[in-house]
$ cat data.pdb   # PDB, C-alpha atoms
ATOM      1  CA  MET A   1     -60.416   7.866   7.268
ATOM      2  CA  LYS A   2     -61.741   7.550   3.739
ATOM      3  CA  ASN A   3     -65.406   6.534   3.601
ATOM      4  CA  LYS A   4     -65.001   4.324   0.547
ATOM      5  CA  ILE A   5     -65.133   0.616   1.342
ATOM      6  CA  TYR A   6     -63.020  -1.433  -1.051
ATOM      7  CA  ASP A   7     -63.954  -4.989  -1.933
ATOM      8  CA  ILE A   8     -60.299  -6.010  -1.814
ATOM      9  CA  ILE A   9     -57.299  -4.191  -0.404
ATOM     10  CA  ILE A  10     -53.957  -5.725  -1.268
ATOM     11  CA  VAL A  11     -50.980  -4.840   0.900
ATOM     12  CA  GLY A  12     -47.919  -5.179  -1.303
ATOM     13  CA  GLY A  13     -47.176  -4.346  -4.932
ATOM     14  CA  GLY A  14     -44.998  -7.278  -5.951
ATOM     15  CA  PRO A  15     -45.952 -10.155  -8.273
ATOM     16  CA  ALA A  16     -48.371 -11.749  -5.789
ATOM     17  CA  GLY A  17     -50.140  -8.485  -5.011
ATOM     18  CA  LEU A  18     -50.325  -7.269  -8.604
ATOM     19  CA  THR A  19     -51.607 -10.617  -9.861
ATOM     20  CA  ALA A  20     -54.299 -10.575  -7.190
ATOM     21  CA  ALA A  21     -55.195  -7.038  -8.274
ATOM     22  CA  ILE A  22     -55.518  -8.070 -11.915
ATOM     23  CA  TYR A  23     -57.858 -10.935 -11.061
ATOM     24  CA  GLY A  24     -59.880  -8.864  -8.610
ATOM     25  CA  ALA A  25     -60.267  -5.851 -10.881
ATOM     26  CA  ARG A  26     -61.181  -8.019 -13.893
ATOM     27  CA  ALA A  27     -63.980  -9.446 -11.763
ATOM     28  CA  ASN A  28     -65.357  -5.907 -11.304
ATOM     29  CA  MET A  29     -64.239  -5.643  -7.703
ATOM     30  CA  ASN A  30     -63.093  -2.335  -6.201
ATOM     31  CA  VAL A  31     -59.407  -3.045  -5.672
ATOM     32  CA  LEU A  32     -56.769  -0.962  -3.913
ATOM     33  CA  ILE A  33     -53.071  -1.806  -3.754
ATOM     34  CA  LEU A  34     -51.061  -0.273  -0.911
ATOM     35  CA  HIS A  35     -47.314  -0.566  -1.349
ATOM     36  CA  LYS A  36     -43.984   1.119  -0.777
ATOM     37  CA  GLU A  37     -42.418   2.346  -4.001
ATOM     38  CA  ASN A  38     -39.125   0.825  -5.129
ATOM     39  CA  VAL A  39     -39.210  -1.893  -2.462
ATOM     40  CA  GLY A  40     -39.350  -5.616  -3.155
ATOM     41  CA  SER A  41     -37.418  -8.658  -4.301
ATOM     42  CA  LEU A  42     -38.682  -8.499  -7.886
ATOM     43  CA  ILE A  43     -37.708  -4.920  -8.680
ATOM     44  CA  SER A  44     -34.286  -5.562  -7.140
ATOM     45  CA  ALA A  45     -33.601  -8.466  -9.511
ATOM     46  CA  HIS A  46     -31.079  -7.571 -12.213
ATOM     47  CA  LYS A  47     -32.553 -10.099 -14.641
ATOM     48  CA  ILE A  48     -35.406 -12.610 -14.643
ATOM     49  CA  ASP A  49     -34.944 -15.337 -17.233
ATOM     50  CA  ASN A  50     -37.077 -18.148 -15.801
ATOM     51  CA  TYR A  51     -40.470 -16.451 -16.021
ATOM     52  CA  PRO A  52     -42.601 -18.038 -18.767
ATOM     53  CA  GLY A  53     -43.218 -16.002 -21.896
ATOM     54  CA  PHE A  54     -39.955 -14.039 -21.859
ATOM     55  CA  PRO A  55     -37.325 -16.311 -23.464
ATOM     56  CA  GLU A  56     -34.771 -13.502 -23.625
ATOM     57  CA  GLY A  57     -35.352 -12.550 -20.010
ATOM     58  CA  LEU A  58     -36.004  -9.062 -18.653
ATOM     59  CA  LYS A  59     -35.184  -6.882 -15.679
ATOM     60  CA  GLY A  60     -37.202  -7.448 -12.547
ATOM     61  CA  LYS A  61     -38.370  -3.853 -12.554
ATOM     62  CA  GLU A  62     -39.583  -4.193 -16.144
ATOM     63  CA  LEU A  63     -41.669  -7.245 -15.278
ATOM     64  CA  ASN A  64     -43.049  -5.490 -12.204
ATOM     65  CA  ASN A  65     -44.005  -2.431 -14.276
ATOM     66  CA  LEU A  66     -45.798  -4.588 -16.866
ATOM     67  CA  MET A  67     -47.831  -6.248 -14.101
ATOM     68  CA  LYS A  68     -48.625  -2.849 -12.585
ATOM     69  CA  GLU A  69     -49.728  -1.496 -15.986
ATOM     70  CA  GLN A  70     -52.074  -4.452 -16.407
ATOM     71  CA  ALA A  71     -53.600  -3.998 -12.932
ATOM     72  CA  LEU A  72     -54.211  -0.307 -13.624
ATOM     73  CA  LYS A  73     -55.711  -1.145 -17.025
ATOM     74  CA  TYR A  74     -58.456  -3.146 -15.323
ATOM     75  CA  GLY A  75     -59.219  -0.393 -12.817
ATOM     76  CA  ALA A  76     -57.176  -1.204  -9.727
ATOM     77  CA  GLU A  77     -55.980   1.782  -7.674
ATOM     78  CA  ILE A  78     -52.435   2.044  -6.340
ATOM     79  CA  ILE A  79     -51.298   4.218  -3.424
ATOM     80  CA  ASN A  80     -47.726   4.546  -2.192
ATOM     81  CA  ALA A  81     -48.042   4.037   1.562
ATOM     82  CA  THR A  82     -46.310   2.408   4.518
ATOM     83  CA  LEU A  83     -48.320  -0.206   6.408
ATOM     84  CA  LEU A  84     -48.605   0.542  10.127
ATOM     85  CA  ASP A  85     -51.261  -1.876  11.351
ATOM     86  CA  ILE A  86     -54.363  -3.850  10.393
ATOM     87  CA  ASP A  87     -57.588  -4.036  12.395
ATOM     88  CA  VAL A  88     -59.080  -7.312  11.197
ATOM     89  CA  TYR A  89     -61.812  -7.450  13.840
ATOM     90  CA  SER A  90     -63.734  -4.347  12.769
ATOM     91  CA  THR A  91     -66.439  -4.414  10.080
ATOM     92  CA  PRO A  92     -65.281  -3.374   7.544
ATOM     93  CA  LYS A  93     -61.634  -4.139   8.250
ATOM     94  CA  ILE A  94     -59.229  -1.185   8.676
ATOM     95  CA  ILE A  95     -55.768  -0.917   7.132
ATOM     96  CA  LYS A  96     -53.725   1.789   8.858
ATOM     97  CA  THR A  97     -50.954   3.510   6.895
ATOM     98  CA  ASP A  98     -48.882   6.662   7.016
ATOM     99  CA  LYS A  99     -51.113   8.177   4.312
ATOM    100  CA  ASP A 100     -54.566   7.402   5.696
ATOM    101  CA  ASN A 101     -56.717   4.610   7.081
ATOM    102  CA  PHE A 102     -58.529   2.511   4.481
ATOM    103  CA  LEU A 103     -61.614   0.285   4.715
ATOM    104  CA  ALA A 104     -61.918  -3.174   3.161
ATOM    105  CA  LYS A 105     -64.277  -6.133   2.963
ATOM    106  CA  THR A 106     -61.309  -8.445   2.367
ATOM    107  CA  ILE A 107     -57.528  -8.080   2.656
ATOM    108  CA  ILE A 108     -54.755  -9.858   0.814
ATOM    109  CA  ILE A 109     -51.378  -9.570   2.534
ATOM    110  CA  ALA A 110     -48.616  -9.736  -0.066
ATOM    111  CA  THR A 111     -45.817  -7.781   1.576
ATOM    112  CA  GLY A 112     -43.046 -10.098   0.433
ATOM    113  CA  TRP A 113     -40.049 -11.600   2.158
ATOM    114  CA  SER A 114     -39.901 -10.615   5.835
ATOM    115  CA  LYS A 115     -36.296  -9.412   5.516
ATOM    116  CA  ASN A 116     -37.577  -6.588   3.305
ATOM    117  CA  ASN A 117     -38.889  -4.860   6.427
ATOM    118  CA  SER A 118     -37.407  -1.498   7.328
ATOM    119  CA  LYS A 119     -34.529  -1.396   9.790
ATOM    120  CA  LYS A 120     -35.168  -0.652  13.430
ATOM    121  CA  ILE A 121     -34.299   2.669  15.025
ATOM    122  CA  LYS A 122     -31.398   2.537  17.496
ATOM    123  CA  GLY A 123     -32.895   1.757  20.891
ATOM    124  CA  GLU A 124     -36.248   0.642  19.455
ATOM    125  CA  GLU A 125     -35.920  -3.040  20.313
ATOM    126  CA  GLU A 126     -34.085  -2.361  23.573
ATOM    127  CA  PHE A 127     -36.888  -0.173  24.948
ATOM    128  CA  LEU A 128     -39.888  -1.921  23.391
ATOM    129  CA  GLY A 129     -42.393  -2.208  26.233
ATOM    130  CA  LYS A 130     -40.245   0.151  28.293
ATOM    131  CA  GLY A 131     -41.394   3.395  26.743
ATOM    132  CA  VAL A 132     -41.324   2.428  23.079
ATOM    133  CA  SER A 133     -44.746   1.552  21.735
ATOM    134  CA  TYR A 134     -46.530   1.204  18.403
ATOM    135  CA  CYS A 135     -50.001   1.931  19.778
ATOM    136  CA  ALA A 136     -51.067   4.995  21.757
ATOM    137  CA  THR A 137     -54.626   3.769  22.169
ATOM    138  CA  CYS A 138     -53.202   0.605  23.755
ATOM    139  CA  ASP A 139     -50.678   2.250  26.096
ATOM    140  CA  GLY A 140     -51.997   5.783  26.444
ATOM    141  CA  ALA A 141     -53.313   5.227  29.958
ATOM    142  CA  PHE A 142     -49.739   4.600  31.140
ATOM    143  CA  THR A 143     -48.644   8.088  30.028
ATOM    144  CA  LYS A 144     -50.572  10.077  32.624
ATOM    145  CA  ASN A 145     -48.666  13.298  33.398
ATOM    146  CA  LEU A 146     -45.704  12.150  31.258
ATOM    147  CA  ASP A 147     -43.891  13.738  28.314
ATOM    148  CA  VAL A 148     -44.531  11.748  25.152
ATOM    149  CA  THR A 149     -43.248  11.845  21.598
ATOM    150  CA  LEU A 150     -44.738  10.447  18.401
ATOM    151  CA  PHE A 151     -42.879   9.825  15.147
ATOM    152  CA  GLY A 152     -44.426   9.336  11.720
ATOM    153  CA  GLN A 153     -46.882  10.857   9.276
ATOM    154  CA  GLY A 154     -50.570  10.747   8.397
ATOM    155  CA  GLU A 155     -54.003  10.309   9.882
ATOM    156  CA  GLU A 156     -53.046   7.425  12.162
ATOM    157  CA  ILE A 157     -50.411   9.355  14.120
ATOM    158  CA  ALA A 158     -52.699  12.412  14.287
ATOM    159  CA  GLU A 159     -55.581  10.413  15.751
ATOM    160  CA  GLU A 160     -53.269   8.645  18.195
ATOM    161  CA  ALA A 161     -51.826  11.980  19.361
ATOM    162  CA  LEU A 162     -55.314  13.353  19.861
ATOM    163  CA  PHE A 163     -56.161  10.321  22.009
ATOM    164  CA  LEU A 164     -53.088  10.970  24.180
ATOM    165  CA  THR A 165     -54.330  14.461  25.075
ATOM    166  CA  LYS A 166     -56.614  12.749  27.617
ATOM    167  CA  TYR A 167     -53.596  11.470  29.552
ATOM    168  CA  SER A 168     -50.185  12.878  28.683
ATOM    169  CA  LYS A 169     -48.560  16.006  30.091
ATOM    170  CA  THR A 170     -46.930  17.106  26.821
ATOM    171  CA  ILE A 171     -47.189  15.637  23.309
ATOM    172  CA  LYS A 172     -44.591  16.291  20.632
ATOM    173  CA  ILE A 173     -45.372  15.021  17.125
ATOM    174  CA  PHE A 174     -42.303  14.694  14.907
ATOM    175  CA  VAL A 175     -42.997  14.611  11.167
ATOM    176  CA  ASN A 176     -40.333  13.952   8.539
ATOM    177  CA  GLU A 177     -41.977  16.262   5.992
ATOM    178  CA  LYS A 178     -42.902  19.944   5.793
ATOM    179  CA  GLU A 179     -46.327  19.390   7.355
ATOM    180  CA  LEU A 180     -48.482  16.844   9.156
ATOM    181  CA  LYS A 181     -50.854  15.430   6.558
ATOM    182  CA  CYS A 182     -54.186  14.549   8.101
ATOM    183  CA  HIS A 183     -57.811  15.592   7.978
ATOM    184  CA  LYS A 184     -58.391  19.272   8.762
ATOM    185  CA  LYS A 185     -60.695  18.579  11.693
ATOM    186  CA  THR A 186     -58.073  16.403  13.377
ATOM    187  CA  TYR A 187     -55.289  18.873  12.602
ATOM    188  CA  ASP A 188     -57.252  21.823  14.021
ATOM    189  CA  ALA A 189     -57.988  19.867  17.205
ATOM    190  CA  LEU A 190     -54.274  19.190  17.650
ATOM    191  CA  ILE A 191     -52.949  22.688  17.047
ATOM    192  CA  ASN A 192     -55.594  24.160  19.332
ATOM    193  CA  ASN A 193     -54.568  21.905  22.223
ATOM    194  CA  GLU A 194     -51.931  23.510  24.456
ATOM    195  CA  LYS A 195     -50.371  20.113  25.219
ATOM    196  CA  VAL A 196     -49.497  19.462  21.576
ATOM    197  CA  GLU A 197     -46.519  20.608  19.544
ATOM    198  CA  ILE A 198     -45.923  19.566  15.922
ATOM    199  CA  ILE A 199     -42.287  19.561  14.772
ATOM    200  CA  THR A 200     -41.733  19.179  11.024
ATOM    201  CA  ASN A 201     -38.638  18.302   8.939
ATOM    202  CA  SER A 202     -37.501  15.925  11.668
ATOM    203  CA  GLU A 203     -35.965  12.458  11.804
ATOM    204  CA  LEU A 204     -35.668  10.109  14.767
ATOM    205  CA  ILE A 205     -32.038   9.029  15.180
ATOM    206  CA  LYS A 206     -31.918   7.219  18.512
ATOM    207  CA  ILE A 207     -33.905   6.367  21.638
ATOM    208  CA  THR A 208     -31.964   6.366  24.915
ATOM    209  CA  GLY A 209     -32.477   5.756  28.612
ATOM    210  CA  ASN A 210     -31.614   3.380  31.441
ATOM    211  CA  ASP A 211     -34.381   1.020  32.524
ATOM    212  CA  PHE A 212     -36.958   3.102  30.662
ATOM    213  CA  VAL A 213     -36.973   5.655  27.837
ATOM    214  CA  GLU A 214     -35.578   9.000  28.985
ATOM    215  CA  LYS A 215     -34.550  10.864  25.822
ATOM    216  CA  VAL A 216     -34.880  10.817  22.060
ATOM    217  CA  ILE A 217     -32.239  12.104  19.669
ATOM    218  CA  VAL A 218     -33.921  13.858  16.754
ATOM    219  CA  LYS A 219     -32.488  15.602  13.711
ATOM    220  CA  ILE A 220     -34.546  18.743  13.115
ATOM    221  CA  ASN A 221     -33.711  20.782  10.016
ATOM    222  CA  ASN A 222     -30.409  18.840   9.831
ATOM    223  CA  GLU A 223     -29.488  19.691  13.422
ATOM    224  CA  GLU A 224     -29.411  16.914  16.049
ATOM    225  CA  LYS A 225     -31.242  17.690  19.286
ATOM    226  CA  GLU A 226     -31.685  15.752  22.519
ATOM    227  CA  ILE A 227     -35.251  15.863  23.792
ATOM    228  CA  LYS A 228     -36.649  14.640  27.109
ATOM    229  CA  ALA A 229     -39.239  11.922  26.606
ATOM    230  CA  ASP A 230     -40.894   9.280  28.763
ATOM    231  CA  TYR A 231     -42.537   7.552  25.811
ATOM    232  CA  ALA A 232     -41.789   7.206  22.082
ATOM    233  CA  PHE A 233     -44.703   6.077  19.936
ATOM    234  CA  LEU A 234     -43.463   4.925  16.534
ATOM    235  CA  TYR A 235     -45.483   5.016  13.306
ATOM    236  CA  LEU A 236     -42.567   4.568  10.951
ATOM    237  CA  GLY A 237     -43.205   1.164   9.401
ATOM    238  CA  THR A 238     -40.391  -0.433  11.431
ATOM    239  CA  LYS A 239     -42.492  -3.328  12.693
ATOM    240  CA  SER A 240     -41.298  -6.743  11.547
ATOM    241  CA  SER A 241     -43.676  -9.207   9.894
ATOM    242  CA  LEU A 242     -43.845 -11.066  13.196
ATOM    243  CA  GLU A 243     -44.865  -7.901  15.069
ATOM    244  CA  LEU A 244     -47.359  -6.851  12.376
ATOM    245  CA  PHE A 245     -49.140 -10.096  11.704
ATOM    246  CA  SER A 246     -48.836 -12.256  14.819
ATOM    247  CA  THR A 247     -51.527 -10.213  16.579
ATOM    248  CA  PHE A 248     -54.180 -11.825  14.384
ATOM    249  CA  ALA A 249     -52.668 -14.476  12.093
ATOM    250  CA  ASN A 250     -50.934 -17.765  12.718
ATOM    251  CA  VAL A 251     -47.257 -17.181  11.917
ATOM    252  CA  ASP A 252     -44.078 -19.202  12.225
ATOM    253  CA  GLN A 253     -41.046 -18.121  14.277
ATOM    254  CA  ASN A 254     -39.722 -16.036  11.385
ATOM    255  CA  GLY A 255     -42.941 -14.082  10.923
ATOM    256  CA  TYR A 256     -44.167 -15.914   7.823
ATOM    257  CA  ILE A 257     -47.955 -16.267   7.717
ATOM    258  CA  ILE A 258     -49.259 -19.812   7.827
ATOM    259  CA  THR A 259     -52.046 -20.585   5.340
ATOM    260  CA  LYS A 260     -53.524 -23.568   3.612
ATOM    261  CA  ASP A 261     -53.356 -24.028  -0.155
ATOM    262  CA  ASP A 262     -56.338 -21.687  -0.565
ATOM    263  CA  MET A 263     -54.293 -18.771   0.905
ATOM    264  CA  LYS A 264     -56.780 -18.309   3.739
ATOM    265  CA  THR A 265     -55.445 -17.238   7.115
ATOM    266  CA  ASN A 266     -57.154 -18.161  10.373
ATOM    267  CA  ILE A 267     -59.210 -14.935  10.099
ATOM    268  CA  GLU A 268     -62.199 -14.894   7.757
ATOM    269  CA  GLY A 269     -61.706 -12.570   4.803
ATOM    270  CA  ILE A 270     -57.938 -12.270   5.295
ATOM    271  CA  TYR A 271     -55.573 -13.956   2.841
ATOM    272  CA  ALA A 272     -51.795 -14.121   2.397
ATOM    273  CA  ALA A 273     -49.955 -14.564  -0.885
ATOM    274  CA  GLY A 274     -46.384 -14.691  -2.094
ATOM    275  CA  ASP A 275     -43.171 -14.640  -0.112
ATOM    276  CA  VAL A 276     -44.885 -13.500   3.095
ATOM    277  CA  ARG A 277     -46.349 -17.023   3.368
ATOM    278  CA  GLU A 278     -44.662 -19.907   5.127
ATOM    279  CA  LYS A 279     -43.664 -22.216   2.251
ATOM    280  CA  SER A 280     -40.733 -24.114   0.798
ATOM    281  CA  LEU A 281     -40.230 -22.250  -2.498
ATOM    282  CA  ARG A 282     -40.210 -18.524  -3.185
ATOM    283  CA  GLN A 283     -40.168 -17.624  -6.883
ATOM    284  CA  VAL A 284     -41.993 -15.105  -9.066
ATOM    285  CA  THR A 285     -44.026 -17.948 -10.545
ATOM    286  CA  THR A 286     -45.140 -19.227  -7.143
ATOM    287  CA  ALA A 287     -46.016 -15.677  -6.044
ATOM    288  CA  VAL A 288     -48.180 -15.213  -9.142
ATOM    289  CA  SER A 289     -49.920 -18.519  -8.395
ATOM    290  CA  ASP A 290     -50.580 -17.449  -4.791
ATOM    291  CA  GLY A 291     -51.986 -14.107  -5.946
ATOM    292  CA  THR A 292     -54.345 -15.829  -8.366
ATOM    293  CA  ILE A 293     -55.692 -18.153  -5.688
ATOM    294  CA  ALA A 294     -55.981 -15.443  -3.015
ATOM    295  CA  ALA A 295     -57.941 -13.120  -5.305
ATOM    296  CA  THR A 296     -60.235 -15.927  -6.457
ATOM    297  CA  GLU A 297     -60.996 -16.889  -2.854
ATOM    298  CA  ALA A 298     -61.585 -13.247  -1.889
ATOM    299  CA  ILE A 299     -64.005 -12.814  -4.794
ATOM    300  CA  LYS A 300     -65.921 -15.946  -3.750
ATOM    301  CA  TYR A 301     -66.107 -14.655  -0.177
ATOM    302  CA  ILE A 302     -67.451 -11.243  -1.251
ATOM    303  CA  LEU A 303     -70.081 -12.770  -3.554
ATOM    304  CA  LYS A 304     -71.241 -15.122  -0.780
ATOM    305  CA  GLN A 305     -71.555 -12.176   1.629
ATOM    306  CA  LYS A 306     -73.581 -10.195  -0.930
ATOM    307  CA  LYS A 307     -75.878 -13.184  -1.426
ATOM    308  CA  LYS A 308     -76.459 -13.428   2.344
ATOM    309  CA  GLU A 309     -77.300  -9.721   2.523
ATOM    310  CA  ALA A 310     -79.708  -9.850  -0.427
TER     311      ALA A 310
END
$ encode --input "data.pdb" --output "structure tokens"
Amino acid sequence: MKNKIYDIIIVGGGPAGLTAAIYGARANMNVLILHKENVGSLISAHKIDNYPGFPEGLKGKELNNLMKEQALKYGAEIINATLLDIDVYSTPKIIKTDKDNFLAKTIIIATGWSKNNSKKIKGEEEFLGKGVSYCATCDGAFTKNLDVTLFGQGEEIAEEALFLTKYSKTIKIFVNEKELKCHKKTYDALINNEKVEIITNSELIKITGNDFVEKVIVKINNEEKEIKADYAFLYLGTKSSLELFSTFANVDQNGYIITKDDMKTNIEGIYAAGDVREKSLRQVTTAVSDGTIAATEAIKYILKQKKKEA
């Protein structure tokens, strides 16, 4: 986990998130944007001709790039990462991604329309709670003397695998790149544990079983293999908005976060902006408005906290 504590971490690099970053960075806040590259409603738009200031219209990607350029100009950082989970109850708050875990005083969730979430793996929904899990520290105790598999990349999956060594019989970590990217100390602890095996260049295709998970089908170096598994822990960014946010925020049945007009969620220091919010209209202009308000409220919150600590 990086030791730096950001004033504001924004999850999502669309118009709401980038606007929030511009306002936060201009106010001399340490701002980090976490987003998935080339994902979002705006960059997918062939042409935007109802955004003020561009009478001739422009491509969605062009508008997105201009917003990104402006956020960077004022000092915001941007990291391409997949959101895995958020721990809103720790101090500072922890945002878990496939790249690393990041610390924040405040968080603005601007992940966009819930249908932009990644597709589920075959068998994922069927076996959720029956061997499929998103949290080893939550369910690790149930894996005593069992064969477990983990799928993903980064510090989060490495730490979760290390936790499982206290319980599981065997632990196979499947990474879709050439190596598992995590801190050296964690990596060394894993490779020196006889229970652990790290398999690179792999892709989870399917999870199978009867009443409970029994096997996983994995493509390793372009060759499909069937592997015995009692548990499959997934760190692939396949959680829906409902699964991601309902653990701490008030959400509607579709996974949209419920806020008031000030973009505050029910958790102090956590805000939502843009299409991820429950609202009647979803446009670039309304997303920009949400981002402005969320950042302004986050800045006020941080300044109040600093005043209390002084």
$ closest_atom_pairs --input "data.pdb" --of "segment 75-169 of chain A" --to "segment 186-198 of chain A" --cutoff "8 Å" --atoms "only C-alpha atoms" --output "CSV"
residue,atom,partner,partner_atom,distance
A:Ala158,CA,A:Thr186,CA,6.8
A:Glu159,CA,A:Thr186,CA,6.9
A:Ala161,CA,A:Leu190,CA,7.8
A:Leu162,CA,A:Leu190,CA,6.3
A:Thr165,CA,A:Lys195,CA,6.9
A:Lys169,CA,A:Lys195,CA,6.6
$ residues_around --input "data.pdb" --residues "Ile48 of chain A" --least-positions-apart "3" --cutoff "6 Å" --atoms "all atoms listed in the file" --output "list in words"
Gly57, Leu58, Lys59 and Gly60 of chain A
$ write_last_selection --input "data.pdb" --atoms "C-alpha atoms" --output "CSV table (one decimal), keeping the file's coordinate frame"
chain,number,residue,atom,x,y,z
A,57,GLY,CA,-35.4,-12.6,-20.0
A,58,LEU,CA,-36.0,-9.1,-18.7
A,59,LYS,CA,-35.2,-6.9,-15.7
A,60,GLY,CA,-37.2,-7.4,-12.5
$ resolve_selection --input "data.pdb" --expression "the PyMOL selection byres ((chain A and resi 138) around 12)" --output "list of chain:residue names"
A:Gly129, A:Ser133, A:Tyr134, A:Cys135, A:Ala136, A:Thr137, A:Asp139, A:Gly140, A:Ala141, A:Phe142, A:Thr143, A:Glu160, A:Phe163, A:Leu164, A:Phe233
$ residues_around --input "data.pdb" --residues "segment 296-303 of chain A" --least-positions-apart "2" --cutoff "9 Å" --atoms "all atoms listed in the file" --output "list in words"
Asp7, Ile8, Ala20, Tyr23, Gly24, Ala27, Met29, Lys105, Thr106, Ile107, Ile108, Asp262, Met263, Lys264, Glu268, Gly269, Ile270, Tyr271, Gly291, Thr292, Ile293, Ala294, Gln305, Lys306, Lys307 and Lys308 of chain A
$ resolve_selection --input "data.pdb" --expression "the PyMOL selection byres ((chain A and resi 155) around 8)" --output "PyMOL selection string"
chain A and resi 1+98-101+153-154+156-159+181-183
$ residues_around --input "data.pdb" --residues "Ile10 of chain A" --least-positions-apart "2" --cutoff "7 Å" --atoms "all atoms listed in the file" --output "ChimeraX atom specification"
/A:8,12,17,32-34,107-110
